[in-house]
file my_file_18.txt (compact mmCIF, C-alpha atoms and all ligand atoms)
# COMPACT_ATOMS: atom_id res chain seq x y z
CA MET A 916 -79.95 48.86 -51.90
CA PHE A 917 -82.94 47.29 -53.63
CA ALA A 918 -81.67 48.47 -56.97
CA ARG A 919 -79.30 45.54 -56.82
CA SER A 920 -81.03 42.48 -58.13
CA ALA A 921 -82.34 40.40 -55.26
CA ALA A 922 -81.73 37.33 -57.35
CA ARG A 923 -78.08 38.31 -57.33
CA ILE A 924 -78.13 38.84 -53.58
CA LEU A 925 -79.50 35.32 -53.17
CA ALA A 926 -76.99 34.13 -55.71
CA ALA A 927 -74.17 35.27 -53.49
CA PRO A 928 -73.87 32.74 -50.69
CA SER A 929 -72.09 34.57 -47.91
CA THR A 930 -72.51 35.32 -44.27
CA ARG A 931 -73.89 38.73 -45.25
CA PHE A 932 -77.19 37.58 -46.66
CA PHE A 933 -79.36 39.91 -44.62
CA SER A 934 -80.64 42.75 -46.65
CA ALA A 935 -83.36 44.97 -45.33
CA SER A 936 -85.35 48.13 -45.73
CA ALA A 937 -86.63 47.87 -42.15
CA VAL A 938 -89.92 49.36 -43.43
CA ASN A 939 -92.36 46.53 -42.72
CA GLN A 940 -90.87 44.61 -39.92
CA THR A 941 -92.36 41.33 -38.93
CA LYS A 942 -93.10 38.98 -36.05
CA VAL A 943 -91.53 35.57 -36.61
CA ALA A 944 -92.08 32.41 -34.55
CA VAL A 945 -89.67 29.49 -34.30
CA LEU A 946 -91.33 26.23 -33.23
CA GLY A 947 -88.60 23.91 -31.96
CA ALA A 948 -86.41 26.83 -30.88
CA GLY A 949 -84.63 24.82 -28.18
CA GLY A 950 -83.12 22.33 -30.62
CA GLY A 951 -79.89 21.96 -32.55
CA ILE A 952 -81.27 23.98 -35.45
CA GLY A 953 -83.70 26.10 -33.44
CA GLN A 954 -81.07 27.76 -31.24
CA PRO A 955 -78.66 29.05 -33.91
CA LEU A 956 -81.61 29.83 -36.18
CA SER A 957 -83.13 32.00 -33.45
CA LEU A 958 -79.80 33.79 -33.06
CA LEU A 959 -79.54 34.45 -36.80
CA LEU A 960 -83.15 35.69 -36.94
CA LYS A 961 -82.37 38.03 -34.02
CA ASN A 962 -79.72 39.49 -36.28
CA ASP A 963 -82.11 40.00 -39.21
CA PRO A 964 -83.22 43.63 -39.37
CA LEU A 965 -86.50 42.60 -41.03
CA VAL A 966 -87.60 40.73 -37.91
CA THR A 967 -89.36 42.98 -35.40
CA SER A 968 -90.28 40.39 -32.87
CA LEU A 969 -89.20 36.81 -32.25
CA SER A 970 -91.46 34.29 -30.60
CA LEU A 971 -89.53 31.20 -29.48
CA TYR A 972 -91.45 28.02 -28.66
CA ASP A 973 -90.39 24.48 -27.79
CA ILE A 974 -91.66 21.71 -25.57
CA ARG A 975 -88.45 22.25 -23.62
CA GLY A 976 -86.01 25.08 -23.13
CA ALA A 977 -87.44 27.94 -25.19
CA PRO A 978 -87.64 30.52 -22.36
CA GLY A 979 -83.93 29.97 -21.67
CA VAL A 980 -82.98 30.33 -25.33
CA ALA A 981 -85.11 33.48 -25.52
CA ALA A 982 -83.48 35.03 -22.44
CA ASP A 983 -80.05 34.34 -23.92
CA VAL A 984 -80.80 35.56 -27.46
CA SER A 985 -82.67 38.62 -26.15
CA HIS A 986 -79.38 40.14 -24.92
CA VAL A 987 -78.10 40.54 -28.48
CA ASP A 988 -78.05 44.27 -29.26
CA THR A 989 -80.38 44.37 -32.23
CA GLY A 990 -83.79 46.01 -32.25
CA SER A 991 -86.16 43.04 -32.16
CA GLU A 992 -88.09 41.89 -29.12
CA VAL A 993 -87.66 38.23 -28.08
CA LYS A 994 -90.04 36.18 -25.99
CA GLY A 995 -89.85 32.52 -25.01
CA TYR A 996 -92.84 30.24 -24.50
CA ALA A 997 -93.05 27.04 -22.47
CA ALA A 998 -94.62 23.76 -23.61
CA ASP A 999 -98.18 24.76 -22.67
CA GLN A 1000 -97.98 28.18 -24.35
CA LEU A 1001 -98.10 27.29 -28.04
CA ASP A 1002 -101.17 29.38 -28.83
CA GLN A 1003 -99.71 32.45 -27.10
CA ALA A 1004 -96.46 31.96 -29.04
CA LEU A 1005 -98.38 32.11 -32.32
CA GLU A 1006 -100.42 35.22 -31.67
CA GLY A 1007 -99.88 37.90 -34.32
CA VAL A 1008 -97.09 36.09 -36.15
CA LYS A 1009 -96.59 36.61 -39.85
CA VAL A 1010 -93.97 33.92 -40.39
CA VAL A 1011 -93.65 30.57 -38.60
CA VAL A 1012 -90.48 28.51 -38.99
CA ILE A 1013 -90.75 24.86 -37.93
CA PRO A 1014 -87.57 22.94 -37.07
CA ALA A 1015 -89.39 20.87 -34.39
CA GLY A 1016 -88.93 17.11 -34.32
CA VAL A 1017 -86.24 14.49 -34.16
CA PRO A 1018 -83.13 14.38 -36.36
CA ARG A 1019 -82.33 11.11 -38.11
CA LYS A 1020 -80.00 8.28 -37.35
CA MET A 1021 -80.67 6.32 -40.57
CA THR A 1022 -82.76 7.62 -43.48
CA ARG A 1023 -84.92 10.73 -43.38
CA ASP A 1024 -87.97 8.56 -43.89
CA ASP A 1025 -87.29 6.87 -40.52
CA LEU A 1026 -88.32 10.13 -38.92
CA PHE A 1027 -91.75 9.99 -40.43
CA ASN A 1028 -93.60 8.36 -37.55
CA THR A 1029 -92.34 10.78 -34.91
CA ASN A 1030 -92.25 13.99 -36.90
CA ALA A 1031 -95.53 13.55 -38.79
CA SER A 1032 -97.65 14.01 -35.69
CA ILE A 1033 -95.44 16.80 -34.29
CA VAL A 1034 -95.76 18.76 -37.52
CA ARG A 1035 -99.49 18.03 -37.86
CA ASP A 1036 -100.19 19.31 -34.35
CA LEU A 1037 -98.10 22.45 -34.82
CA ALA A 1038 -99.78 23.14 -38.18
CA ALA A 1039 -103.20 22.76 -36.57
CA ALA A 1040 -102.22 25.36 -33.97
CA VAL A 1041 -101.01 27.76 -36.67
CA GLY A 1042 -104.30 27.24 -38.53
CA ARG A 1043 -106.24 28.02 -35.37
CA VAL A 1044 -104.29 31.01 -34.08
CA SER A 1045 -102.57 32.64 -37.07
CA PRO A 1046 -104.16 31.19 -40.23
CA ASP A 1047 -102.61 33.85 -42.47
CA ALA A 1048 -99.07 33.10 -41.39
CA HIS A 1049 -96.43 31.97 -43.85
CA ILE A 1050 -95.14 28.56 -42.77
CA LEU A 1051 -91.55 27.42 -43.40
CA VAL A 1052 -91.14 23.70 -42.81
CA ILE A 1053 -87.67 22.43 -41.91
CA SER A 1054 -88.68 19.22 -40.07
CA ASN A 1055 -87.92 16.07 -42.05
CA PRO A 1056 -88.90 14.29 -44.15
CA VAL A 1057 -89.73 17.59 -45.89
CA ASN A 1058 -91.19 15.76 -48.92
CA SER A 1059 -93.89 14.41 -46.57
CA THR A 1060 -94.11 17.00 -43.79
CA VAL A 1061 -95.07 19.78 -46.22
CA PRO A 1062 -98.08 17.80 -47.55
CA ILE A 1063 -98.97 17.05 -43.92
CA VAL A 1064 -99.07 20.76 -43.11
CA ALA A 1065 -101.10 21.43 -46.27
CA GLY A 1066 -103.57 18.64 -45.46
CA THR A 1067 -103.97 19.80 -41.87
CA LEU A 1068 -104.68 23.37 -42.94
CA GLU A 1069 -107.02 22.15 -45.69
CA LYS A 1070 -109.01 20.23 -43.10
CA ALA A 1071 -109.25 23.41 -41.03
CA GLY A 1072 -110.40 25.29 -44.15
CA VAL A 1073 -107.47 27.74 -44.03
CA PHE A 1074 -104.90 26.36 -46.49
CA ASN A 1075 -103.28 29.04 -48.64
CA PRO A 1076 -100.75 27.40 -51.00
CA ARG A 1077 -98.96 30.73 -51.42
CA HIS A 1078 -98.04 30.65 -47.73
CA LEU A 1079 -96.45 27.20 -47.38
CA PHE A 1080 -92.77 26.46 -48.05
CA GLY A 1081 -90.57 23.41 -47.56
CA VAL A 1082 -87.10 24.75 -46.83
CA THR A 1083 -84.70 23.19 -49.35
CA THR A 1084 -82.17 26.01 -49.09
CA LEU A 1085 -79.53 23.77 -47.52
CA ASP A 1086 -79.36 21.83 -50.79
CA VAL A 1087 -78.83 25.11 -52.65
CA VAL A 1088 -76.19 26.25 -50.15
CA ARG A 1089 -74.35 22.91 -50.42
CA ALA A 1090 -74.54 22.90 -54.22
CA ALA A 1091 -72.89 26.34 -54.42
CA ARG A 1092 -70.25 25.38 -51.90
CA PHE A 1093 -69.41 22.01 -53.48
CA LEU A 1094 -69.45 23.26 -57.08
CA GLY A 1095 -67.28 26.18 -55.98
CA GLU A 1096 -64.74 23.70 -54.60
CA VAL A 1097 -64.75 21.56 -57.75
CA ALA A 1098 -64.54 24.51 -60.15
CA GLY A 1099 -62.06 26.48 -58.06
CA VAL A 1100 -64.35 29.55 -57.86
CA SER A 1101 -66.13 31.37 -55.10
CA PRO A 1102 -69.52 29.88 -54.11
CA SER A 1103 -71.00 33.22 -55.13
CA GLU A 1104 -70.16 32.36 -58.74
CA ALA A 1105 -71.38 28.79 -58.36
CA ARG A 1106 -75.06 29.29 -57.69
CA VAL A 1107 -77.06 26.20 -58.65
CA THR A 1108 -80.81 25.82 -58.91
CA VAL A 1109 -81.76 22.65 -57.05
CA VAL A 1110 -85.20 21.22 -57.84
CA GLY A 1111 -87.37 18.27 -56.83
CA GLY A 1112 -87.49 17.49 -53.13
CA HIS A 1113 -85.25 17.13 -50.11
CA SER A 1114 -83.89 13.59 -49.84
CA GLY A 1115 -81.34 11.59 -51.84
CA PRO A 1116 -82.59 10.97 -55.39
CA THR A 1117 -85.31 13.61 -55.14
CA ILE A 1118 -82.61 16.32 -54.90
CA VAL A 1119 -81.90 17.36 -58.50
CA PRO A 1120 -79.15 19.96 -58.99
CA LEU A 1121 -79.34 21.71 -62.36
CA LEU A 1122 -75.59 22.15 -62.72
CA SER A 1123 -75.81 22.71 -66.49
CA GLN A 1124 -77.52 26.06 -65.86
CA ASN A 1125 -74.41 27.47 -64.19
CA GLN A 1126 -71.45 28.48 -66.37
CA HIS A 1127 -69.02 26.56 -64.13
CA GLY A 1128 -71.40 23.67 -63.52
CA LYS A 1129 -71.88 22.95 -67.21
CA SER A 1130 -68.21 22.18 -67.69
CA VAL A 1131 -68.17 19.52 -64.97
CA THR A 1132 -68.42 16.11 -66.63
CA GLY A 1133 -67.80 12.39 -66.22
CA GLU A 1134 -66.79 10.96 -62.86
CA VAL A 1135 -66.31 14.42 -61.33
CA TYR A 1136 -69.91 15.28 -62.29
CA ASN A 1137 -71.25 12.02 -60.85
CA LYS A 1138 -69.39 12.57 -57.57
CA LEU A 1139 -70.54 16.17 -57.33
CA VAL A 1140 -74.19 15.24 -57.87
CA HIS A 1141 -73.89 12.46 -55.30
CA ARG A 1142 -72.32 14.84 -52.77
CA ILE A 1143 -75.14 17.37 -53.22
CA GLN A 1144 -77.81 14.66 -52.95
CA TYR A 1145 -76.24 13.01 -49.90
CA GLY A 1146 -74.60 16.00 -48.17
CA GLY A 1147 -76.80 15.33 -45.16
CA ASP A 1148 -75.21 11.88 -44.76
CA GLU A 1149 -71.73 13.41 -44.54
CA VAL A 1150 -72.81 15.39 -41.49
CA VAL A 1151 -74.77 12.53 -39.92
CA LYS A 1152 -71.68 10.29 -40.21
CA ALA A 1153 -69.27 12.94 -38.92
CA LYS A 1154 -71.52 13.70 -35.94
CA ASP A 1155 -71.45 9.98 -35.17
CA GLY A 1156 -74.79 9.55 -33.45
CA ALA A 1157 -75.12 13.15 -32.23
CA GLY A 1158 -77.65 14.20 -34.90
CA SER A 1159 -77.63 15.80 -38.33
CA ALA A 1160 -76.82 19.20 -39.82
CA THR A 1161 -77.79 22.01 -37.46
CA LEU A 1162 -75.50 25.00 -38.03
CA SER A 1163 -75.52 24.98 -41.83
CA MET A 1164 -79.28 24.34 -41.65
CA ALA A 1165 -79.78 27.30 -39.32
CA TYR A 1166 -77.83 29.42 -41.82
CA ALA A 1167 -79.94 28.12 -44.71
CA GLY A 1168 -83.20 28.60 -42.76
CA ALA A 1169 -82.33 32.18 -41.86
CA LYS A 1170 -81.30 32.85 -45.44
CA PHE A 1171 -84.63 31.59 -46.77
CA ALA A 1172 -86.58 33.48 -44.08
CA ASN A 1173 -84.80 36.69 -45.08
CA ALA A 1174 -85.64 36.10 -48.74
CA LEU A 1175 -89.30 35.59 -47.84
CA LEU A 1176 -89.36 38.71 -45.65
CA ARG A 1177 -87.86 40.76 -48.46
CA GLY A 1178 -90.54 39.48 -50.80
CA LEU A 1179 -93.25 40.21 -48.25
CA ASN A 1180 -91.86 43.74 -47.94
CA GLY A 1181 -92.34 44.32 -51.65
CA GLU A 1182 -88.81 43.80 -52.91
CA LYS A 1183 -88.94 42.66 -56.53
CA GLY A 1184 -87.04 39.80 -58.11
CA VAL A 1185 -86.48 37.67 -55.00
CA VAL A 1186 -86.14 34.22 -56.53
CA THR A 1187 -84.95 31.06 -54.81
CA PRO A 1188 -85.74 27.34 -54.92
CA THR A 1189 -88.31 26.09 -52.40
CA PHE A 1190 -90.69 23.14 -52.11
CA VAL A 1191 -94.23 24.38 -52.68
CA LYS A 1192 -97.61 23.32 -53.98
CA SER A 1193 -96.75 23.40 -57.65
CA PRO A 1194 -98.40 22.85 -61.02
CA LEU A 1195 -95.14 21.73 -62.69
CA PHE A 1196 -95.73 17.97 -62.35
CA ALA A 1197 -99.30 18.00 -61.07
CA ASP A 1198 -100.42 16.17 -64.23
CA GLN A 1199 -98.31 13.21 -62.97
CA GLY A 1200 -99.95 13.30 -59.57
CA ILE A 1201 -97.04 15.21 -57.98
CA ASP A 1202 -98.51 18.40 -56.62
CA PHE A 1203 -95.59 19.55 -54.47
CA PHE A 1204 -92.24 20.29 -56.08
CA ALA A 1205 -89.18 22.44 -55.41
CA SER A 1206 -88.19 24.83 -58.16
CA ASN A 1207 -87.23 28.48 -58.43
CA VAL A 1208 -90.02 30.53 -56.89
CA GLU A 1209 -90.40 34.29 -56.95
CA LEU A 1210 -91.38 35.55 -53.49
CA GLY A 1211 -93.69 38.54 -53.23
CA PRO A 1212 -95.96 40.48 -50.85
CA ASP A 1213 -98.29 37.46 -50.51
CA GLY A 1214 -95.67 34.72 -50.47
CA VAL A 1215 -95.43 32.62 -53.64
CA GLU A 1216 -95.64 35.13 -56.49
CA LYS A 1217 -94.54 32.98 -59.41
CA ILE A 1218 -93.38 29.40 -59.84
CA HIS A 1219 -90.68 29.27 -62.49
CA PRO A 1220 -90.38 26.39 -64.96
CA LEU A 1221 -87.25 24.25 -64.77
CA GLY A 1222 -85.66 25.64 -67.92
CA GLU A 1223 -83.39 23.60 -70.13
CA LEU A 1224 -82.07 20.32 -68.71
CA SER A 1225 -79.05 18.31 -69.83
CA ALA A 1226 -79.51 14.62 -70.65
CA GLU A 1227 -78.01 13.75 -67.23
CA GLU A 1228 -80.43 16.07 -65.46
CA GLN A 1229 -83.34 14.58 -67.36
CA LYS A 1230 -82.29 11.18 -65.97
CA LEU A 1231 -81.98 12.58 -62.45
CA LEU A 1232 -85.47 14.04 -62.78
CA GLU A 1233 -86.84 10.69 -63.94
CA ALA A 1234 -85.35 9.07 -60.83
CA CYS A 1235 -86.72 11.84 -58.61
CA LEU A 1236 -90.36 11.83 -59.64
CA PRO A 1237 -91.56 8.36 -58.53
CA GLU A 1238 -89.75 8.64 -55.18
CA LEU A 1239 -91.11 12.13 -54.56
CA LYS A 1240 -94.60 10.97 -55.46
CA LYS A 1241 -94.38 8.18 -52.86
CA ASN A 1242 -93.15 10.60 -50.19
CA ILE A 1243 -95.94 13.09 -50.91
CA GLU A 1244 -98.58 10.37 -50.90
CA LYS A 1245 -97.31 9.11 -47.55
CA GLY A 1246 -97.76 12.59 -46.06
CA LYS A 1247 -101.21 12.96 -47.56
CA ALA A 1248 -102.29 9.53 -46.31
CA PHE A 1249 -101.24 10.49 -42.79
CA VAL A 1250 -103.67 13.40 -42.67
CA ALA A 1251 -106.42 11.83 -44.76
N1 LIG A 1301 -84.92 20.80 -44.22
C1 LIG A 1301 -83.64 20.54 -44.05
O1 LIG A 1301 -82.82 20.77 -44.94
C2 LIG A 1301 -83.15 19.96 -42.77
C3 LIG A 1301 -84.02 19.45 -41.84
N2 LIG A 1301 -83.60 18.94 -40.66
C4 LIG A 1301 -84.61 18.42 -39.73
O2 LIG A 1301 -84.90 19.38 -38.73
C5 LIG A 1301 -85.45 18.72 -37.59
C6 LIG A 1301 -84.82 19.23 -36.31
O3 LIG A 1301 -83.47 18.87 -36.26
P1 LIG A 1301 -82.56 19.26 -34.99
O4 LIG A 1301 -82.77 20.67 -34.60
O5 LIG A 1301 -81.20 18.78 -35.28
O6 LIG A 1301 -83.23 18.33 -33.85
P2 LIG A 1301 -83.17 18.53 -32.28
O7 LIG A 1301 -83.63 17.25 -31.65
O8 LIG A 1301 -81.85 19.07 -31.87
O9 LIG A 1301 -84.24 19.66 -32.01
C7 LIG A 1301 -85.60 19.47 -32.24
C8 LIG A 1301 -86.36 20.30 -31.22
O10 LIG A 1301 -87.75 20.12 -31.47
C9 LIG A 1301 -88.38 20.13 -30.21
N3 LIG A 1301 -89.71 19.56 -30.28
C10 LIG A 1301 -90.08 18.25 -30.33
N4 LIG A 1301 -91.41 18.16 -30.38
C11 LIG A 1301 -91.90 19.42 -30.37
C12 LIG A 1301 -93.19 19.97 -30.42
N5 LIG A 1301 -94.28 19.21 -30.46
N6 LIG A 1301 -93.30 21.32 -30.41
C13 LIG A 1301 -92.22 22.12 -30.36
N7 LIG A 1301 -90.97 21.65 -30.31
C14 LIG A 1301 -90.82 20.31 -30.32
C15 LIG A 1301 -87.44 19.35 -29.28
O11 LIG A 1301 -87.72 19.63 -27.91
C16 LIG A 1301 -86.09 19.89 -29.75
O12 LIG A 1301 -85.69 21.02 -29.00
C17 LIG A 1301 -85.24 17.24 -37.85
O13 LIG A 1301 -86.43 16.66 -38.31
C18 LIG A 1301 -84.18 17.22 -38.93
O14 LIG A 1301 -84.22 16.04 -39.70
C19 LIG A 1301 -82.27 18.94 -40.34
C20 LIG A 1301 -81.34 19.45 -41.21
C21 LIG A 1301 -81.70 19.95 -42.51
O1 LIG A 1302 -79.61 14.65 -43.37
C1 LIG A 1302 -80.50 14.95 -42.55
O2 LIG A 1302 -81.24 14.15 -41.99
C2 LIG A 1302 -80.68 16.40 -42.26
C3 LIG A 1302 -80.94 17.05 -43.54
O3 LIG A 1302 -82.04 17.07 -44.04
C4 LIG A 1302 -79.79 17.56 -44.28
O4 LIG A 1302 -78.68 17.68 -43.71
O5 LIG A 1302 -79.95 17.84 -45.47
call {"tool": "encode", "arguments": {"input": "my_file_18.txt", "output": "C-alpha cells", "more": "lines below"}}
Ligand SMILES: NC(=O)C1=CN([C@@H]2O[C@H](COP(=O)(O)OP(=O)(O)OC[C@H]3O[C@@H](n4cnc5c(N)ncnc54)[C@H](O)[C@@H]3O)[C@@H](O)[C@H]2O)C=CC1
Ligand SMILES: O=C([O-])CC(=O)C(=O)O
result
Amino acid sequence: MFARSAARILAAPSTRFFSASAVNQTKVAVLGAGGGIGQPLSLLLKNDPLVTSLSLYDIRGAPGVAADVSHVDTGSEVKGYAADQLDQALEGVKVVVIPAGVPRKMTRDDLFNTNASIVRDLAAAVGRVSPDAHILVISNPVNSTVPIVAGTLEKAGVFNPRHLFGVTTLDVVRAARFLGEVAGVSPSEARVTVVGGHSGPTIVPLLSQNQHGKSVTGEVYNKLVHRIQYGGDEVVKAKDGAGSATLSMAYAGAKFANALLRGLNGEKGVVTPTFVKSPLFADQGIDFFASNVELGPDGVEKIHPLGELSAEEQKLLEACLPELKKNIEKGKAFVA
C-alpha cells in the first residue's frame, strides 16, 4: 500500500483518507473532546487504524463522549477524563490534538483573550507530562495559538519545533473542494497548496501550481481566492450564532493526524501544508509559516519552499506577511 505515493494519497481528498500499516500504533489525546469539533474528531480517530489508544479530555463531558465512541468496533482503546484529570489523560501519549476553546462569533482574533490562556495551560500540561508528544493545534486564532504553545514549551525547556503543528488542513480541504467546483473536476484532481496562516488574508492558496487552478482567471479567480480565505465565514453565517465549522474541521483534523501518524510510522513522501516554526520568512521576523511540510519519524522532516508564484499570488503573499507577523507577535507577547 505504501508503494503508492503518500503525497498522492493526501492529494486525493475523500472520505477514505485513512491509510495504515498498523505496525507502530499510537496513543492519541484529544483535549476539548466534548466540543463541536472534539466529538466528531474523536469518532474519526477511533476509526483510524494507526491509533491504538484514544485519551479524551475536556473540562466537561469527555467521559460520556468516550463511553459512546468506545462502542465503535475498531481495535483502539478509548478512555475519557474529567476536568481534574488532565495529567492522567496525557500520560504516555505520542500525539495531542487540541480543539479546546471557544468558537468565534465575529473575527478569529476576538477569540484571543479566551483561547490564549486555555491553550497556554494545556501546553504547559503537555510539557510537564508528555514533553515528547507531537502537538496539533486547532484552537483559534491558530496564527497566535501556535506561538503561544511554542513559547510555553520554550519556557519549560522542552520545545521541539519538529513536534508542533498548526492545523491548516481545512483551508487545503476547502481549496480542493471549491476549485473542483469551479473547474468542474473532482476535488482529488484539484489539490491546492495553501500557505501562510489561518485567517483571511494570511490564507494564500497557490492555485497556479495546480493544472486546473492555473486556468482560473479574472473575476472567477478573485471570487475563488476570497471563498478559500473566508470559507470559515460562510459556515459561521449559516450556523447563525451556533458556532463555526465543526464537522469539516473534524474531517480535516483527522486527515492531518493520519498524515502525521503515517510519517511517524516511517512512511516516506507524506507531504501536506501545516503551520510550523519555519525558516522561510524568518529573515522578516516571521518565524512561523504554513507551507508544504514532509512528515517523518520525528515529525517535521523537511519544510518545502513555496515554489513558483504567479503575480497574483505574490500580491497575496505581500498582504499575508504583515498580518501574520502581527498575529505571531501577539501570541509571543502573551507568553513573554
Ligand atoms: N484550525 C481550524 O481550521 C479551525 C479551528 N477552529 C477552532 O476550534 C476551536 C473549538 O471549536 P468548537 O469545537 O466549535 O468549539 P466548542 O465550544 O464546541 O468546543 C470547545 C470545547 O473545548 C472545551 N474546553 C474549554 N476549555 C477547555 C480546557 N481548558 N481544557 C479542555 N477543554 C476545554 C469546552 O468544554 C468545549 O467542549 C475554536 O477555537 C475554533 O475557532 C474551528 C474550526 C476550524
Ligand atoms: O471560521 C472560524 O472561526 C473557524 C475556522 O477557523 C474555519 O472555519 O476555518
call {"tool": "residues_near_ligand", "arguments": {"input": "my_file_18.txt", "ligand": "ligand LIG 1302 (chain A)", "cutoff": "6 Å", "atoms": "all atoms listed in the file", "output": "NGL selection string"}}
result
:A and (1018-1019 or 1023 or 1147-1148 or 1159-1160)
call {"tool": "residues_around", "arguments": {"input": "my_file_18.txt", "residues": "stretch 1125-1138 of chain A", "least_positions_apart": "2", "cutoff": "9 Å", "atoms": "only C-alpha atoms", "output": "PyMOL selection string"}}
result
chain A and resi 1094-1095+1097-1098+1100+1104-1108+1121-1123+1140-1143+1225
call {"tool": "atom_distance", "arguments": {"input": "my_file_18.txt", "atom1": "atom CA of A:Pro1194", "atom2": "atom CA of A:Lys1217"}}
result
11.0 Å
call {"tool": "residues_around", "arguments": {"input": "my_file_18.txt", "residues": "A:Gly1156", "least_positions_apart": "2", "cutoff": "10 Å", "atoms": "only C-alpha atoms", "output": "list in words"}}
result
Arg1019, Lys1020, Met1021, Val1151, Lys1152, Ala1153, Lys1154, Gly1158 and Ser1159 of chain A
call {"tool": "residues_around", "arguments": {"input": "my_file_18.txt", "residues": "A:Arg975", "least_positions_apart": "6", "cutoff": "8 Å", "atoms": "all atoms listed in the file", "output": "PyMOL selection string"}}
result
chain A and resi 949+997-998
call {"tool": "write_last_selection", "arguments": {"input": "my_file_18.txt", "atoms": "C-alpha atoms", "output": "tab-separated table (two decimals), keeping the file's coordinate frame"}}
result
chain	number	residue	atom	x	y	z
A	949	GLY	CA	-84.63	24.82	-28.18
A	997	ALA	CA	-93.05	27.04	-22.47
A	998	ALA	CA	-94.62	23.76	-23.61
call {"tool": "axis_aligned_box", "arguments": {"input": "my_file_18.txt", "around": "ligand LIG 1301 (chain A)", "padding_each_side": "5 Å", "output": "AutoDock Vina command-line options"}}
result
--center_x -87.7 --center_y 19.1 --center_z -36.4 --size_x 23.1 --size_y 16.1 --size_z 27.0
call {"tool": "closest_residue", "arguments": {"input": "my_file_18.txt", "among": "A:Val1082, A:Leu965, A:Val1041, A:Ala982", "to": "ligand LIG 1301 (chain A)", "atoms": "all atoms listed in the file"}}
result
A:Val1082
call {"tool": "closest_residue", "arguments": {"input": "my_file_18.txt", "among": "A:Tyr1145, A:Phe1080, A:Tyr972, A:Phe1093", "to": "ligand LIG 1301 (chain A)", "atoms": "only C-alpha atoms and all ligand atoms"}}
result
A:Tyr972
call {"tool": "closest_residue", "arguments": {"input": "my_file_18.txt", "among": "A:Ala1031, A:Ala1157, A:Ile1063, A:Leu1085", "to": "ligand LIG 1301 (chain A)", "atoms": "all atoms listed in the file"}}
result
A:Leu1085
call {"tool": "closest_residue", "arguments": {"input": "my_file_18.txt", "among": "A:Gln1124, A:Thr1084, A:Ser991, A:Thr1117", "to": "ligand LIG 1301 (chain A)", "atoms": "all atoms listed in the file"}}
result
A:Thr1084
call {"tool": "atom_distance", "arguments": {"input": "my_file_18.txt", "atom1": "atom CA of A:Leu1068", "atom2": "atom CA of A:Asp1198"}}
result
22.9 Å
call {"tool": "residues_around", "arguments": {"input": "my_file_18.txt", "residues": "A:Thr1067", "least_positions_apart": "4", "cutoff": "9 Å", "atoms": "only C-alpha atoms", "output": "ChimeraX atom specification"}}
result
/A:1035-1036,1038-1039,1042,1062-1063,1071-1074,1250-1251
call {"tool": "closest_residue", "arguments": {"input": "my_file_18.txt", "among": "A:Asp973, A:Asp963, A:Asp983, A:Glu1227", "to": "ligand LIG 1301 (chain A)", "atoms": "only C-alpha atoms and all ligand atoms"}}
result
A:Asp973
call {"tool": "closest_residue", "arguments": {"input": "my_file_18.txt", "among": "A:Glu1149, A:Asp1155, A:Asp1202, A:Glu992", "to": "A:Lys1241", "atoms": "only C-alpha atoms"}}
result
A:Asp1202
call {"tool": "atom_distance", "arguments": {"input": "my_file_18.txt", "atom1": "atom CA of A:Pro1116", "atom2": "atom CA of A:Lys1245"}}
result
16.8 Å
call {"tool": "residues_around", "arguments": {"input": "my_file_18.txt", "residues": "A:Ser1032", "least_positions_apart": "5", "cutoff": "9 Å", "atoms": "all atoms listed in the file", "output": "number ranges by chain"}}
result
A: 1027, 1037, 1063, 1249
call {"tool": "build_atoms", "arguments": {"input": "my_file_18.txt", "residues": "stretch 1162-1173 of chain A", "atoms": "N, CA and C atoms", "output": "PDB file, in the frame of the given file"}}
result
ATOM      1  N   LEU A1162     -76.012  23.639 -37.845  1.00  0.00           N
ATOM      2  CA  LEU A1162     -75.500  25.000 -38.030  1.00  0.00           C
ATOM      3  C   LEU A1162     -75.691  25.466 -39.473  1.00  0.00           C
ATOM      4  N   SER A1163     -75.321  24.601 -40.429  1.00  0.00           N
ATOM      5  CA  SER A1163     -75.520  24.980 -41.830  1.00  0.00           C
ATOM      6  C   SER A1163     -77.015  25.086 -42.127  1.00  0.00           C
ATOM      7  N   MET A1164     -77.817  24.266 -41.443  1.00  0.00           N
ATOM      8  CA  MET A1164     -79.280  24.340 -41.650  1.00  0.00           C
ATOM      9  C   MET A1164     -79.832  25.632 -41.074  1.00  0.00           C
ATOM     10  N   ALA A1165     -79.316  26.037 -39.907  1.00  0.00           N
ATOM     11  CA  ALA A1165     -79.780  27.300 -39.320  1.00  0.00           C
ATOM     12  C   ALA A1165     -79.442  28.447 -40.285  1.00  0.00           C
ATOM     13  N   TYR A1166     -78.242  28.408 -40.839  1.00  0.00           N
ATOM     14  CA  TYR A1166     -77.830  29.420 -41.820  1.00  0.00           C
ATOM     15  C   TYR A1166     -78.795  29.425 -43.011  1.00  0.00           C
ATOM     16  N   ALA A1167     -79.054  28.227 -43.538  1.00  0.00           N
ATOM     17  CA  ALA A1167     -79.940  28.120 -44.710  1.00  0.00           C
ATOM     18  C   ALA A1167     -81.358  28.584 -44.358  1.00  0.00           C
ATOM     19  N   GLY A1168     -81.839  28.213 -43.164  1.00  0.00           N
ATOM     20  CA  GLY A1168     -83.200  28.600 -42.760  1.00  0.00           C
ATOM     21  C   GLY A1168     -83.324  30.107 -42.613  1.00  0.00           C
ATOM     22  N   ALA A1169     -82.302  30.723 -42.027  1.00  0.00           N
ATOM     23  CA  ALA A1169     -82.330  32.180 -41.860  1.00  0.00           C
ATOM     24  C   ALA A1169     -82.213  32.877 -43.210  1.00  0.00           C
ATOM     25  N   LYS A1170     -81.466  32.278 -44.098  1.00  0.00           N
ATOM     26  CA  LYS A1170     -81.300  32.850 -45.440  1.00  0.00           C
ATOM     27  C   LYS A1170     -82.641  32.818 -46.186  1.00  0.00           C
ATOM     28  N   PHE A1171     -83.327  31.668 -46.086  1.00  0.00           N
ATOM     29  CA  PHE A1171     -84.630  31.590 -46.770  1.00  0.00           C
ATOM     30  C   PHE A1171     -85.639  32.529 -46.106  1.00  0.00           C
ATOM     31  N   ALA A1172     -85.636  32.596 -44.774  1.00  0.00           N
ATOM     32  CA  ALA A1172     -86.580  33.480 -44.080  1.00  0.00           C
ATOM     33  C   ALA A1172     -86.351  34.928 -44.513  1.00  0.00           C
ATOM     34  N   ASN A1173     -85.093  35.320 -44.651  1.00  0.00           N
ATOM     35  CA  ASN A1173     -84.800  36.690 -45.080  1.00  0.00           C
ATOM     36  C   ASN A1173     -85.296  36.943 -46.497  1.00  0.00           C
TER      37      ASN A1173
END
